[in-house]
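Raw upload28.pdb, PDB, C-alpha atoms:
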```pdb
ATOM      1  CA  MET A   1    -208.860  -1.750 -75.579
ATOM      2  CA  PRO A   2    -206.781  -3.630 -72.976
ATOM      3  CA  LEU A   3    -206.288  -1.384 -69.946
ATOM      4  CA  ALA A   4    -205.069  -2.306 -66.466
ATOM      5  CA  GLU A   5    -205.468  -0.150 -63.381
ATOM      6  CA  VAL A   6    -202.158   0.545 -61.659
ATOM      7  CA  ASP A   7    -201.946   3.005 -58.764
ATOM      8  CA  GLY A   8    -205.234   4.538 -59.849
ATOM      9  CA  LEU A   9    -204.030   5.061 -63.438
ATOM     10  CA  GLN A  10    -205.105   3.320 -66.648
ATOM     11  CA  ILE A  11    -202.151   1.574 -68.300
ATOM     12  CA  PHE A  12    -202.504   0.360 -71.893
ATOM     13  CA  TYR A  13    -200.856  -2.962 -72.704
ATOM     14  CA  GLU A  14    -200.628  -5.568 -75.458
ATOM     15  CA  LEU A  15    -199.787  -9.265 -75.345
ATOM     16  CA  ILE A  16    -197.994 -10.318 -78.523
ATOM     17  CA  GLY A  17    -196.953 -13.797 -79.644
ATOM     18  CA  ALA A  18    -198.202 -17.241 -78.760
ATOM     19  CA  GLU A  19    -195.049 -19.099 -77.741
ATOM     20  CA  ASP A  20    -195.277 -21.020 -74.485
ATOM     21  CA  LYS A  21    -192.271 -19.250 -72.990
ATOM     22  CA  PRO A  22    -191.828 -16.959 -69.974
ATOM     23  CA  LEU A  23    -193.109 -13.466 -70.623
ATOM     24  CA  LEU A  24    -190.858 -10.777 -71.991
ATOM     25  CA  LEU A  25    -191.568  -7.458 -70.329
ATOM     26  CA  GLN A  26    -190.827  -4.756 -72.860
ATOM     27  CA  PHE A  27    -189.848  -1.190 -72.013
ATOM     28  CA  GLY A  28    -189.775   1.390 -74.807
ATOM     29  CA  GLY A  29    -187.460   4.335 -75.266
ATOM     30  CA  SER A  30    -188.200   7.734 -73.740
ATOM     31  CA  LEU A  31    -189.301   9.235 -77.082
ATOM     32  CA  LEU A  32    -191.149   6.308 -78.640
ATOM     33  CA  SER A  33    -192.676   4.256 -75.794
ATOM     34  CA  ARG A  34    -193.670   0.700 -76.792
ATOM     35  CA  HIS A  35    -193.300   1.595 -80.508
ATOM     36  CA  HIS A  36    -189.524   1.562 -80.032
ATOM     37  CA  PHE A  37    -189.685  -2.189 -80.677
ATOM     38  CA  ASP A  38    -192.111  -2.272 -83.619
ATOM     39  CA  ALA A  39    -189.374  -3.231 -86.091
ATOM     40  CA  VAL A  40    -188.304  -6.305 -84.083
ATOM     41  CA  ASN A  41    -191.557  -7.462 -82.437
ATOM     42  CA  ASP A  42    -192.224 -10.136 -85.048
ATOM     43  CA  ARG A  43    -188.845 -11.778 -84.478
ATOM     44  CA  LEU A  44    -189.170 -11.570 -80.701
ATOM     45  CA  ALA A  45    -192.672 -13.032 -80.851
ATOM     46  CA  GLN A  46    -191.262 -16.166 -82.470
ATOM     47  CA  HIS A  47    -189.651 -16.990 -79.127
ATOM     48  CA  PHE A  48    -191.562 -15.140 -76.408
ATOM     49  CA  ARG A  49    -194.996 -14.068 -75.252
ATOM     50  CA  ILE A  50    -194.403 -10.316 -75.205
ATOM     51  CA  LEU A  51    -195.991  -7.867 -72.825
ATOM     52  CA  ALA A  52    -195.695  -4.388 -74.381
ATOM     53  CA  TYR A  53    -197.205  -1.365 -72.672
ATOM     54  CA  ASP A  54    -197.339   2.423 -72.511
ATOM     55  CA  PRO A  55    -195.935   3.759 -69.222
ATOM     56  CA  ARG A  56    -197.715   6.692 -67.649
ATOM     57  CA  GLY A  57    -197.471   9.779 -69.833
ATOM     58  CA  TYR A  58    -197.230   7.840 -73.089
ATOM     59  CA  GLY A  59    -199.556   6.545 -75.777
ATOM     60  CA  ARG A  60    -202.954   5.396 -74.544
ATOM     61  CA  SER A  61    -202.079   5.324 -70.853
ATOM     62  CA  SER A  62    -203.017   7.965 -68.292
ATOM     63  CA  ALA A  63    -200.833  11.067 -68.343
ATOM     64  CA  PRO A  64    -201.048  12.802 -64.947
ATOM     65  CA  LEU A  65    -199.311  16.161 -64.645
ATOM     66  CA  GLU A  66    -196.772  15.125 -62.031
ATOM     67  CA  PRO A  67    -193.038  14.430 -61.781
ATOM     68  CA  TYR A  68    -191.986  11.153 -63.414
ATOM     69  CA  THR A  69    -189.005   9.086 -62.284
ATOM     70  CA  VAL A  70    -187.197   6.052 -63.646
ATOM     71  CA  ALA A  71    -187.767   4.216 -60.358
ATOM     72  CA  GLY A  72    -191.453   5.124 -60.511
ATOM     73  CA  TRP A  73    -191.798   3.692 -64.022
ATOM     74  CA  ALA A  74    -190.058   0.500 -62.861
ATOM     75  CA  ASP A  75    -192.449   0.129 -59.920
ATOM     76  CA  GLU A  76    -195.362   0.828 -62.266
ATOM     77  CA  ALA A  77    -194.234  -2.146 -64.375
ATOM     78  CA  ALA A  78    -194.332  -4.341 -61.268
ATOM     79  CA  GLY A  79    -197.827  -3.042 -60.579
ATOM     80  CA  LEU A  80    -198.883  -3.963 -64.113
ATOM     81  CA  LEU A  81    -197.610  -7.504 -63.546
ATOM     82  CA  ASP A  82    -199.671  -7.655 -60.355
ATOM     83  CA  ALA A  83    -202.768  -6.470 -62.215
ATOM     84  CA  LEU A  84    -202.274  -9.155 -64.878
ATOM     85  CA  GLY A  85    -201.398 -11.928 -62.434
ATOM     86  CA  ILE A  86    -197.862 -12.391 -63.779
ATOM     87  CA  GLU A  87    -195.192 -13.443 -61.293
ATOM     88  CA  ARG A  88    -191.828 -13.424 -63.140
ATOM     89  CA  VAL A  89    -190.680 -12.084 -66.500
ATOM     90  CA  LEU A  90    -187.805 -11.680 -68.876
ATOM     91  CA  VAL A  91    -186.981  -8.012 -69.389
ATOM     92  CA  LEU A  92    -185.817  -6.129 -72.483
ATOM     93  CA  GLY A  93    -185.209  -2.391 -72.569
ATOM     94  CA  SER A  94    -183.439   0.029 -74.863
ATOM     95  CA  SER A  95    -182.224   3.598 -74.323
ATOM     96  CA  GLY A  96    -184.461   5.257 -71.698
ATOM     97  CA  GLY A  97    -186.312   1.961 -71.545
ATOM     98  CA  GLY A  98    -183.038   0.207 -70.751
ATOM     99  CA  MET A  99    -182.675   2.474 -67.736
ATOM    100  CA  ASN A 100    -186.220   1.545 -66.661
ATOM    101  CA  ALA A 101    -185.299  -2.115 -67.140
ATOM    102  CA  LEU A 102    -182.166  -1.802 -64.990
ATOM    103  CA  ALA A 103    -184.232  -0.126 -62.272
ATOM    104  CA  PHE A 104    -186.867  -2.875 -62.486
ATOM    105  CA  ALA A 105    -184.297  -5.681 -62.235
ATOM    106  CA  GLY A 106    -182.603  -4.038 -59.252
ATOM    107  CA  ARG A 107    -185.773  -3.069 -57.393
ATOM    108  CA  HIS A 108    -187.726  -6.247 -58.255
ATOM    109  CA  SER A 109    -184.984  -8.838 -58.496
ATOM    110  CA  GLY A 110    -187.242 -11.719 -57.510
ATOM    111  CA  ARG A 111    -189.522 -11.038 -60.460
ATOM    112  CA  THR A 112    -186.740 -10.845 -63.073
ATOM    113  CA  ILE A 113    -185.664 -14.072 -64.789
ATOM    114  CA  ALA A 114    -183.111 -12.321 -67.020
ATOM    115  CA  LEU A 115    -182.482  -8.885 -68.479
ATOM    116  CA  CYS A 116    -181.243  -7.271 -71.699
ATOM    117  CA  ALA A 117    -180.381  -3.575 -71.333
ATOM    118  CA  ASP A 118    -179.438  -1.896 -74.606
ATOM    119  CA  CYS A 119    -177.574   1.434 -75.028
ATOM    120  CA  CYS A 120    -178.120   2.764 -71.511
ATOM    121  CA  TYR A 121    -176.343   3.617 -68.268
ATOM    122  CA  ALA A 122    -177.102   3.852 -64.549
ATOM    123  CA  ARG A 123    -176.106   7.485 -63.967
ATOM    124  CA  PRO A 124    -175.350  10.227 -66.504
ATOM    125  CA  ASP A 125    -172.117  12.160 -66.442
ATOM    126  CA  LEU A 126    -171.963  15.941 -66.884
ATOM    127  CA  THR A 127    -172.034  15.794 -70.686
ATOM    128  CA  ARG A 128    -175.110  13.543 -70.787
ATOM    129  CA  ARG A 129    -176.860  15.720 -68.171
ATOM    130  CA  MET A 130    -176.204  18.719 -70.401
ATOM    131  CA  TYR A 131    -177.849  16.954 -73.354
ATOM    132  CA  PHE A 132    -181.062  16.544 -71.333
ATOM    133  CA  ARG A 133    -180.980  20.159 -70.130
ATOM    134  CA  ILE A 134    -180.479  21.484 -73.653
ATOM    135  CA  TRP A 135    -183.274  19.299 -75.073
ATOM    136  CA  ARG A 136    -185.600  20.452 -72.296
ATOM    137  CA  ARG A 137    -184.941  24.120 -73.060
ATOM    138  CA  MET A 138    -185.455  23.454 -76.769
ATOM    139  CA  LEU A 139    -188.922  22.009 -76.143
ATOM    140  CA  ASP A 140    -190.217  25.575 -75.793
ATOM    141  CA  SER A 141    -187.913  27.276 -78.274
ATOM    142  CA  MET A 142    -187.970  25.019 -81.341
ATOM    143  CA  PRO A 143    -190.731  23.592 -83.525
ATOM    144  CA  ALA A 144    -191.358  19.941 -82.657
ATOM    145  CA  ASP A 145    -190.208  18.649 -86.051
ATOM    146  CA  GLU A 146    -186.892  20.515 -85.814
ATOM    147  CA  LEU A 147    -186.245  19.213 -82.296
ATOM    148  CA  SER A 148    -187.046  15.707 -83.535
ATOM    149  CA  ASP A 149    -184.543  16.123 -86.371
ATOM    150  CA  LEU A 150    -181.884  17.352 -83.944
ATOM    151  CA  ILE A 151    -182.342  14.425 -81.576
ATOM    152  CA  ILE A 152    -182.544  11.803 -84.324
ATOM    153  CA  THR A 153    -179.212  12.974 -85.776
ATOM    154  CA  GLN A 154    -177.714  12.237 -82.354
ATOM    155  CA  VAL A 155    -179.527   8.899 -82.072
ATOM    156  CA  LEU A 156    -178.746   7.442 -85.513
ATOM    157  CA  SER A 157    -175.403   7.420 -87.272
ATOM    158  CA  ALA A 158    -174.746   9.628 -90.281
ATOM    159  CA  GLU A 159    -174.115   6.532 -92.404
ATOM    160  CA  PHE A 160    -177.486   4.996 -91.457
ATOM    161  CA  LEU A 161    -179.430   8.223 -92.030
ATOM    162  CA  GLU A 162    -177.789   8.679 -95.412
ATOM    163  CA  ARG A 163    -179.338   5.365 -96.502
ATOM    164  CA  ASN A 164    -182.581   5.661 -94.501
ATOM    165  CA  GLU A 165    -183.685   9.299 -94.680
ATOM    166  CA  ASP A 166    -187.320   8.237 -94.163
ATOM    167  CA  TRP A 167    -186.470   7.733 -90.487
ATOM    168  CA  LEU A 168    -186.525  11.521 -90.083
ATOM    169  CA  ALA A 169    -190.174  11.731 -91.113
ATOM    170  CA  SER A 170    -191.301   8.695 -89.105
ATOM    171  CA  SER A 171    -189.481   9.978 -86.008
ATOM    172  CA  ARG A 172    -191.265  13.313 -86.295
ATOM    173  CA  VAL A 173    -194.618  11.522 -86.268
ATOM    174  CA  MET A 174    -193.728   9.363 -83.257
ATOM    175  CA  MET A 175    -192.265  12.235 -81.258
ATOM    176  CA  ALA A 176    -195.276  14.454 -82.032
ATOM    177  CA  ALA A 177    -197.446  11.824 -80.315
ATOM    178  CA  VAL A 178    -195.709  12.494 -76.973
ATOM    179  CA  SER A 179    -196.706  15.624 -75.079
ATOM    180  CA  LYS A 180    -194.144  18.299 -74.241
ATOM    181  CA  GLU A 181    -194.936  17.763 -70.557
ATOM    182  CA  THR A 182    -194.075  14.059 -70.761
ATOM    183  CA  LEU A 183    -190.910  14.715 -72.748
ATOM    184  CA  ALA A 184    -189.781  17.324 -70.215
ATOM    185  CA  GLN A 185    -190.437  14.940 -67.328
ATOM    186  CA  SER A 186    -188.604  12.138 -69.133
ATOM    187  CA  PHE A 187    -185.562  14.352 -69.684
ATOM    188  CA  ILE A 188    -185.572  15.414 -66.012
ATOM    189  CA  ALA A 189    -185.990  11.804 -64.844
ATOM    190  CA  GLN A 190    -182.953  10.648 -66.815
ATOM    191  CA  GLU A 191    -180.880  13.738 -65.999
ATOM    192  CA  THR A 192    -181.329  13.259 -62.251
ATOM    193  CA  MET A 193    -181.423   9.464 -61.940
ATOM    194  CA  ASP A 194    -178.847   7.450 -60.047
ATOM    195  CA  LEU A 195    -179.317   3.681 -60.381
ATOM    196  CA  GLU A 196    -175.918   2.620 -59.028
ATOM    197  CA  SER A 197    -177.406   0.958 -55.935
ATOM    198  CA  ALA A 198    -180.108  -0.706 -58.065
ATOM    199  CA  VAL A 199    -177.661  -2.250 -60.545
ATOM    200  CA  ARG A 200    -175.478  -3.505 -57.715
ATOM    201  CA  ALA A 201    -178.584  -5.326 -56.424
ATOM    202  CA  ILE A 202    -179.355  -7.076 -59.731
ATOM    203  CA  ALA A 203    -179.320 -10.853 -59.208
ATOM    204  CA  SER A 204    -180.459 -12.053 -62.635
ATOM    205  CA  PRO A 205    -178.395 -12.762 -65.776
ATOM    206  CA  THR A 206    -177.972  -9.388 -67.467
ATOM    207  CA  LEU A 207    -176.679  -8.558 -70.940
ATOM    208  CA  MET A 208    -175.773  -4.961 -71.745
ATOM    209  CA  THR A 209    -175.192  -3.949 -75.379
ATOM    210  CA  ASN A 210    -173.799  -0.691 -76.769
ATOM    211  CA  PHE A 211    -172.399   0.729 -79.965
ATOM    212  CA  ALA A 212    -168.823   1.734 -79.175
ATOM    213  CA  GLY A 213    -169.405   5.076 -80.939
ATOM    214  CA  ASP A 214    -172.685   5.979 -79.213
ATOM    215  CA  ILE A 215    -172.418   9.642 -78.143
ATOM    216  CA  LEU A 216    -175.573   9.559 -75.978
ATOM    217  CA  CYS A 217    -174.857   6.366 -74.020
ATOM    218  CA  PRO A 218    -171.236   5.359 -74.595
ATOM    219  CA  PRO A 219    -170.042   2.212 -72.795
ATOM    220  CA  GLN A 220    -167.622   4.316 -70.745
ATOM    221  CA  LEU A 221    -168.816   7.610 -69.268
ATOM    222  CA  ALA A 222    -166.758  10.335 -67.618
ATOM    223  CA  GLU A 223    -165.973  10.076 -63.912
ATOM    224  CA  SER A 224    -169.286  11.389 -62.586
ATOM    225  CA  GLY A 225    -171.286   8.855 -64.617
ATOM    226  CA  PHE A 226    -171.897   5.121 -64.235
ATOM    227  CA  GLY A 227    -172.003   3.392 -67.619
ATOM    228  CA  ALA A 228    -172.142  -0.157 -68.955
ATOM    229  CA  ARG A 229    -168.501  -0.916 -68.184
ATOM    230  CA  ASP A 230    -168.931   0.375 -64.629
ATOM    231  CA  ILE A 231    -172.098  -1.688 -64.155
ATOM    232  CA  ALA A 232    -170.404  -4.877 -65.354
ATOM    233  CA  ALA A 233    -167.391  -4.222 -63.109
ATOM    234  CA  ALA A 234    -169.605  -3.502 -60.096
ATOM    235  CA  ASN A 235    -171.732  -6.648 -60.536
ATOM    236  CA  PRO A 236    -169.553  -9.163 -62.424
ATOM    237  CA  ASP A 237    -171.483 -12.216 -61.203
ATOM    238  CA  TRP A 238    -174.632 -11.147 -63.021
ATOM    239  CA  VAL A 239    -173.800  -8.482 -65.630
ATOM    240  CA  ARG A 240    -172.001  -8.922 -68.960
ATOM    241  CA  SER A 241    -171.317  -5.974 -71.281
ATOM    242  CA  VAL A 242    -170.919  -6.387 -75.049
ATOM    243  CA  GLU A 243    -169.637  -3.494 -77.152
ATOM    244  CA  LEU A 244    -170.477  -3.540 -80.854
ATOM    245  CA  ASP A 245    -168.457  -1.825 -83.543
ATOM    246  CA  GLY A 246    -170.318   1.167 -84.916
ATOM    247  CA  ARG A 247    -171.775   4.554 -84.185
ATOM    248  CA  GLY A 248    -175.215   5.738 -83.218
ATOM    249  CA  HIS A 249    -177.495   5.100 -80.288
ATOM    250  CA  ALA A 250    -179.808   2.446 -81.726
ATOM    251  CA  PRO A 251    -178.280  -1.012 -82.272
ATOM    252  CA  LEU A 252    -181.781  -2.518 -82.506
ATOM    253  CA  VAL A 253    -182.405  -0.230 -85.490
ATOM    254  CA  GLU A 254    -179.020  -0.132 -87.188
ATOM    255  CA  ALA A 255    -177.700  -3.615 -86.357
ATOM    256  CA  ALA A 256    -180.730  -5.712 -85.426
ATOM    257  CA  ASP A 257    -179.354  -8.725 -87.295
ATOM    258  CA  ILE A 258    -176.343  -8.684 -84.965
ATOM    259  CA  VAL A 259    -177.705  -7.577 -81.599
ATOM    260  CA  LEU A 260    -181.100  -9.296 -81.623
ATOM    261  CA  PRO A 261    -179.676 -12.846 -81.862
ATOM    262  CA  LEU A 262    -177.387 -12.024 -78.918
ATOM    263  CA  MET A 263    -180.385 -10.908 -76.864
ATOM    264  CA  ILE A 264    -182.565 -13.871 -77.820
ATOM    265  CA  GLU A 265    -179.759 -16.337 -77.076
ATOM    266  CA  HIS A 266    -179.164 -14.716 -73.671
ATOM    267  CA  LEU A 267    -182.845 -14.772 -72.702
ATOM    268  CA  LEU A 268    -183.492 -18.324 -73.891
ATOM    269  CA  ALA A 269    -180.367 -19.628 -72.141
ATOM    270  CA  SER A 270    -181.550 -17.984 -68.935
ATOM    271  CA  VAL A 271    -184.980 -19.622 -69.274
ATOM    272  CA  THR A 272    -183.313 -23.001 -69.751
ATOM    273  CA  ALA A 273    -181.108 -22.477 -66.703
ATOM    274  CA  VAL A 274    -184.140 -21.609 -64.570
ATOM    275  CA  SER A 275    -186.100 -24.643 -65.785
ATOM    276  CA  VAL A 276    -183.144 -26.952 -65.047
ATOM    277  CA  ARG A 277    -182.966 -25.680 -61.478
TER     278      ARG A 277
END
```

Take the structure from the file and write it as structure tokens.
Amino acid sequence: MPLAEVDGLQIFYELIGAEDKPLLLQFGGSLLSRHHFDAVNDRLAQHFRILAYDPRGYGRSSAPLEPYTVAGWADEAAGLLDALGIERVLVLGSSGGGMNALAFAGRHSGRTIALCADCCYARPDLTRRMYFRIWRRMLDSMPADELSDLIITQVLSAEFLERNEDWLASSRVMMAAVSKETLAQSFIAQETMDLESAVRAIASPTLMTNFAGDILCPPQLAESGFGARDIAAANPDWVRSVELDGRGHAPLVEAADIVLPLMIEHLLASVTAVSVR
């Protein structure tokens, strides 16, 4: 089992794909870890050598009982690169993983060739903070499968679920694999994070993608938040925001045929630009 030691912890990782391209560092979502990308790994592996891993608290990695932060997960990713002898990477993150990816690109700009950040923001507004608080309270008051159903109905659109009801069952299984302690820490980390300074420091080509009707991570948040539109306006030299028609919080699930080519094109163009320089 491939394990790397990072800050005294054992971090599980996988290298997927054999293409001779710069590495794609893959962050998973806060509920699903590296499995967030299972449905698209094969297509990504046609173009990239993927590094997928479980951050602390998830999957086969160490799960210390301590506060987790988005910045801490980003620094952990840099430590994993050090352990594996990898200097620079392409970065892809979605949902909570997109927030980790933004933090990584801002805090470790010299190690980031290019970035795709899907359905995420840099700072939650009051409404999004309330979601995390409510979910955290429900961890102790609802059966795990019912909480999973509640969250998945907010993640996926009604139209998609109507045609893909099996996602409810598979989401229950994946969420049950994450401890309540890790879920609580993940909710706190995203409720309290503020990545505005980090995203202003990004100096790598960055593509942000959102469904226009996403209720969890809409492109435009209320005044106290800092969403995709704000990030692009604050760092126009490096960040481009694309808003897709549709609802739900998972473009890589509901519209992979649309969003994945955009991501691949962005990453490959960035690799070409680097090689030309």

- Item | Interatomic distance (Å, one decimal) between atom CA of A:Met208 and atom CA of A:Cys116 | 5.9 Å

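By only C-alpha atoms, and with residues fewer than 2 positions from A:His47 along its chain excluded, the set lying at most 10 Å from it is Gly17, Ala18, Glu19, Asp20, Lys21, Pro22, Leu23, Leu24, Asp42, Arg43, Leu44, Ala45, Arg49, Ile50, Ile264, Leu267 and Leu268 of chain A.
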
- Residue among A:Pro219, A:Asp7, A:Glu254, A:Ala114 lying closest to A:Glu159, counting only C-alpha atoms: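 The shortest atom-to-atom distance to A:Glu159 comes from A:Glu254.
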
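The residues that lie within 8 Å of the point (-180.8, -9.4, -57.1), counting all atoms listed in the file, are Ala105, Gly106, His108, Ser109, Gly110, Arg200, Ala201, Ile202, Ala203 and Ser204 of chain A.
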
- Choose the residue, out of A:Tyr121, A:Arg247, A:Ser270, A:Phe187, that has the smallest atom-to-atom separation from A:Ala232; count all atoms listed in the file. A:Tyr121

Return as a PDB file with C-alpha atoms, in the coordinates of the input the set of residues that the PyMOL selection byres ((chain A and resi 226) around 9) yields on the displayed structure.
```pdb
ATOM      1  CA  TYR A 121    -176.343   3.617 -68.268  1.00  0.00           C
ATOM      2  CA  ALA A 122    -177.102   3.852 -64.549  1.00  0.00           C
ATOM      3  CA  ARG A 123    -176.106   7.485 -63.967  1.00  0.00           C
ATOM      4  CA  PRO A 124    -175.350  10.227 -66.504  1.00  0.00           C
ATOM      5  CA  ASP A 125    -172.117  12.160 -66.442  1.00  0.00           C
ATOM      6  CA  ASP A 194    -178.847   7.450 -60.047  1.00  0.00           C
ATOM      7  CA  LEU A 195    -179.317   3.681 -60.381  1.00  0.00           C
ATOM      8  CA  GLU A 196    -175.918   2.620 -59.028  1.00  0.00           C
ATOM      9  CA  GLN A 220    -167.622   4.316 -70.745  1.00  0.00           C
ATOM     10  CA  LEU A 221    -168.816   7.610 -69.268  1.00  0.00           C
ATOM     11  CA  ALA A 222    -166.758  10.335 -67.618  1.00  0.00           C
ATOM     12  CA  GLU A 223    -165.973  10.076 -63.912  1.00  0.00           C
ATOM     13  CA  SER A 224    -169.286  11.389 -62.586  1.00  0.00           C
ATOM     14  CA  GLY A 225    -171.286   8.855 -64.617  1.00  0.00           C
ATOM     15  CA  GLY A 227    -172.003   3.392 -67.619  1.00  0.00           C
ATOM     16  CA  ALA A 228    -172.142  -0.157 -68.955  1.00  0.00           C
ATOM     17  CA  ARG A 229    -168.501  -0.916 -68.184  1.00  0.00           C
ATOM     18  CA  ASP A 230    -168.931   0.375 -64.629  1.00  0.00           C
ATOM     19  CA  ILE A 231    -172.098  -1.688 -64.155  1.00  0.00           C
TER      20      ILE A 231
END
```

- Message: Suppose a student applies the PyMOL selection byres ((chain A and resi 81-84) around 12) to this structure; what residues should they get, written as a VMD selection string?
- Response: chain A and resid 2 to 15 23 to 26 51 to 53 74 to 80 85 to 90 104 108 111 to 112

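Proximity ranking of A:Leu102, A:Ala117, A:Leu216, A:Met175 relative to A:Met130 places A:Leu216 first, based on all atoms listed in the file.
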
- Of the listed residues A:Asp118, A:Leu139, A:Trp73, A:Leu92, that which approaches A:Glu181 most closely, counting only C-alpha atoms: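 Distance minimum relative to A:Glu181 lands on A:Leu139.
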
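Candidate residues A:Ala234, A:Ile113, A:Leu207, A:Ala184 were compared for distance to A:Leu260, and the nearest is A:Leu207, using all atoms listed in the file.
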
- Query: For A:Val155, which residue among A:Leu115, A:Ile16, A:Leu168, A:Ala233 is the nearest when counting all atoms listed in the file?
  - Reply: A:Leu168

- Query: Which distance in Å separates atom CA of A:Asn164 and atom CA of A:Pro261, to one decimal?
  - Reply: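 Answer for the atom CA of A:Asn164 to atom CA of A:Pro261 separation: 22.6 Å.
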
Give me the residues within 9 Å of stretch 212-214 of chain A as a PDB file with C-alpha atoms, keeping the file's coordinate frame, counting all atoms listed in the file and dropping any in the same chain fewer than 5 places off.
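So selection.pdb came out as:
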```pdb
ATOM      1  CA  CYS A 119    -177.574   1.434 -75.028  1.00  0.00           C
ATOM      2  CA  GLN A 154    -177.714  12.237 -82.354  1.00  0.00           C
ATOM      3  CA  VAL A 155    -179.527   8.899 -82.072  1.00  0.00           C
ATOM      4  CA  LEU A 156    -178.746   7.442 -85.513  1.00  0.00           C
ATOM      5  CA  SER A 157    -175.403   7.420 -87.272  1.00  0.00           C
ATOM      6  CA  PRO A 219    -170.042   2.212 -72.795  1.00  0.00           C
ATOM      7  CA  GLN A 220    -167.622   4.316 -70.745  1.00  0.00           C
ATOM      8  CA  GLU A 243    -169.637  -3.494 -77.152  1.00  0.00           C
ATOM      9  CA  LEU A 244    -170.477  -3.540 -80.854  1.00  0.00           C
ATOM     10  CA  ASP A 245    -168.457  -1.825 -83.543  1.00  0.00           C
ATOM     11  CA  GLY A 246    -170.318   1.167 -84.916  1.00  0.00           C
ATOM     12  CA  ARG A 247    -171.775   4.554 -84.185  1.00  0.00           C
ATOM     13  CA  GLY A 248    -175.215   5.738 -83.218  1.00  0.00           C
ATOM     14  CA  HIS A 249    -177.495   5.100 -80.288  1.00  0.00           C
ATOM     15  CA  ALA A 250    -179.808   2.446 -81.726  1.00  0.00           C
TER      16      ALA A 250
END
```

- Separation of atom CA of A:Val178 from atom CA of A:Gly57, in Å and rounded to one decimal: 7.8 Å

Stretch 216-233 of chain A: axis-aligned bounding box, 6 Å on each side, centre and edge lengths in Å, one decimal, as AutoDock Vina command-line options:
```
--center_x -170.8 --center_y 3.3 --center_z -69.3 --size_x 21.6 --size_y 28.3 --size_z 25.4
```

Quick one: stretch 259-272 of chain A with N, CA and C atoms, as a PDB file, in the coordinates of the input?
```
ATOM      1  N   VAL A 259    -177.421  -7.677 -83.031  1.00  0.00           N
ATOM      2  CA  VAL A 259    -177.705  -7.577 -81.599  1.00  0.00           C
ATOM      3  C   VAL A 259    -178.898  -8.428 -81.165  1.00  0.00           C
ATOM      4  N   LEU A 260    -179.906  -8.553 -82.031  1.00  0.00           N
ATOM      5  CA  LEU A 260    -181.100  -9.296 -81.623  1.00  0.00           C
ATOM      6  C   LEU A 260    -180.803 -10.774 -81.353  1.00  0.00           C
ATOM      7  N   PRO A 261    -180.020 -11.461 -82.198  1.00  0.00           N
ATOM      8  CA  PRO A 261    -179.676 -12.846 -81.862  1.00  0.00           C
ATOM      9  C   PRO A 261    -178.934 -12.975 -80.533  1.00  0.00           C
ATOM     10  N   LEU A 262    -178.074 -11.993 -80.211  1.00  0.00           N
ATOM     11  CA  LEU A 262    -177.387 -12.024 -78.918  1.00  0.00           C
ATOM     12  C   LEU A 262    -178.385 -11.951 -77.770  1.00  0.00           C
ATOM     13  N   MET A 263    -179.377 -11.067 -77.907  1.00  0.00           N
ATOM     14  CA  MET A 263    -180.385 -10.908 -76.864  1.00  0.00           C
ATOM     15  C   MET A 263    -181.242 -12.166 -76.723  1.00  0.00           C
ATOM     16  N   ILE A 264    -181.705 -12.680 -77.851  1.00  0.00           N
ATOM     17  CA  ILE A 264    -182.565 -13.871 -77.820  1.00  0.00           C
ATOM     18  C   ILE A 264    -181.818 -15.056 -77.219  1.00  0.00           C
ATOM     19  N   GLU A 265    -180.556 -15.243 -77.625  1.00  0.00           N
ATOM     20  CA  GLU A 265    -179.759 -16.337 -77.076  1.00  0.00           C
ATOM     21  C   GLU A 265    -179.605 -16.194 -75.565  1.00  0.00           C
ATOM     22  N   HIS A 266    -179.332 -14.972 -75.101  1.00  0.00           N
ATOM     23  CA  HIS A 266    -179.164 -14.716 -73.671  1.00  0.00           C
ATOM     24  C   HIS A 266    -180.442 -15.028 -72.902  1.00  0.00           C
ATOM     25  N   LEU A 267    -181.579 -14.564 -73.400  1.00  0.00           N
ATOM     26  CA  LEU A 267    -182.845 -14.772 -72.702  1.00  0.00           C
ATOM     27  C   LEU A 267    -183.253 -16.244 -72.694  1.00  0.00           C
ATOM     28  N   LEU A 268    -183.113 -16.916 -73.825  1.00  0.00           N
ATOM     29  CA  LEU A 268    -183.492 -18.324 -73.891  1.00  0.00           C
ATOM     30  C   LEU A 268    -182.577 -19.195 -73.022  1.00  0.00           C
ATOM     31  N   ALA A 269    -181.292 -18.875 -73.006  1.00  0.00           N
ATOM     32  CA  ALA A 269    -180.367 -19.628 -72.141  1.00  0.00           C
ATOM     33  C   ALA A 269    -180.737 -19.441 -70.682  1.00  0.00           C
ATOM     34  N   SER A 270    -181.170 -18.258 -70.328  1.00  0.00           N
ATOM     35  CA  SER A 270    -181.550 -17.984 -68.935  1.00  0.00           C
ATOM     36  C   SER A 270    -182.812 -18.742 -68.569  1.00  0.00           C
ATOM     37  N   VAL A 271    -183.760 -18.837 -69.512  1.00  0.00           N
ATOM     38  CA  VAL A 271    -184.980 -19.622 -69.274  1.00  0.00           C
ATOM     39  C   VAL A 271    -184.619 -21.079 -69.057  1.00  0.00           C
ATOM     40  N   THR A 272    -183.726 -21.611 -69.875  1.00  0.00           N
ATOM     41  CA  THR A 272    -183.313 -23.001 -69.751  1.00  0.00           C
ATOM     42  C   THR A 272    -182.648 -23.257 -68.404  1.00  0.00           C
TER      43      THR A 272
END
```
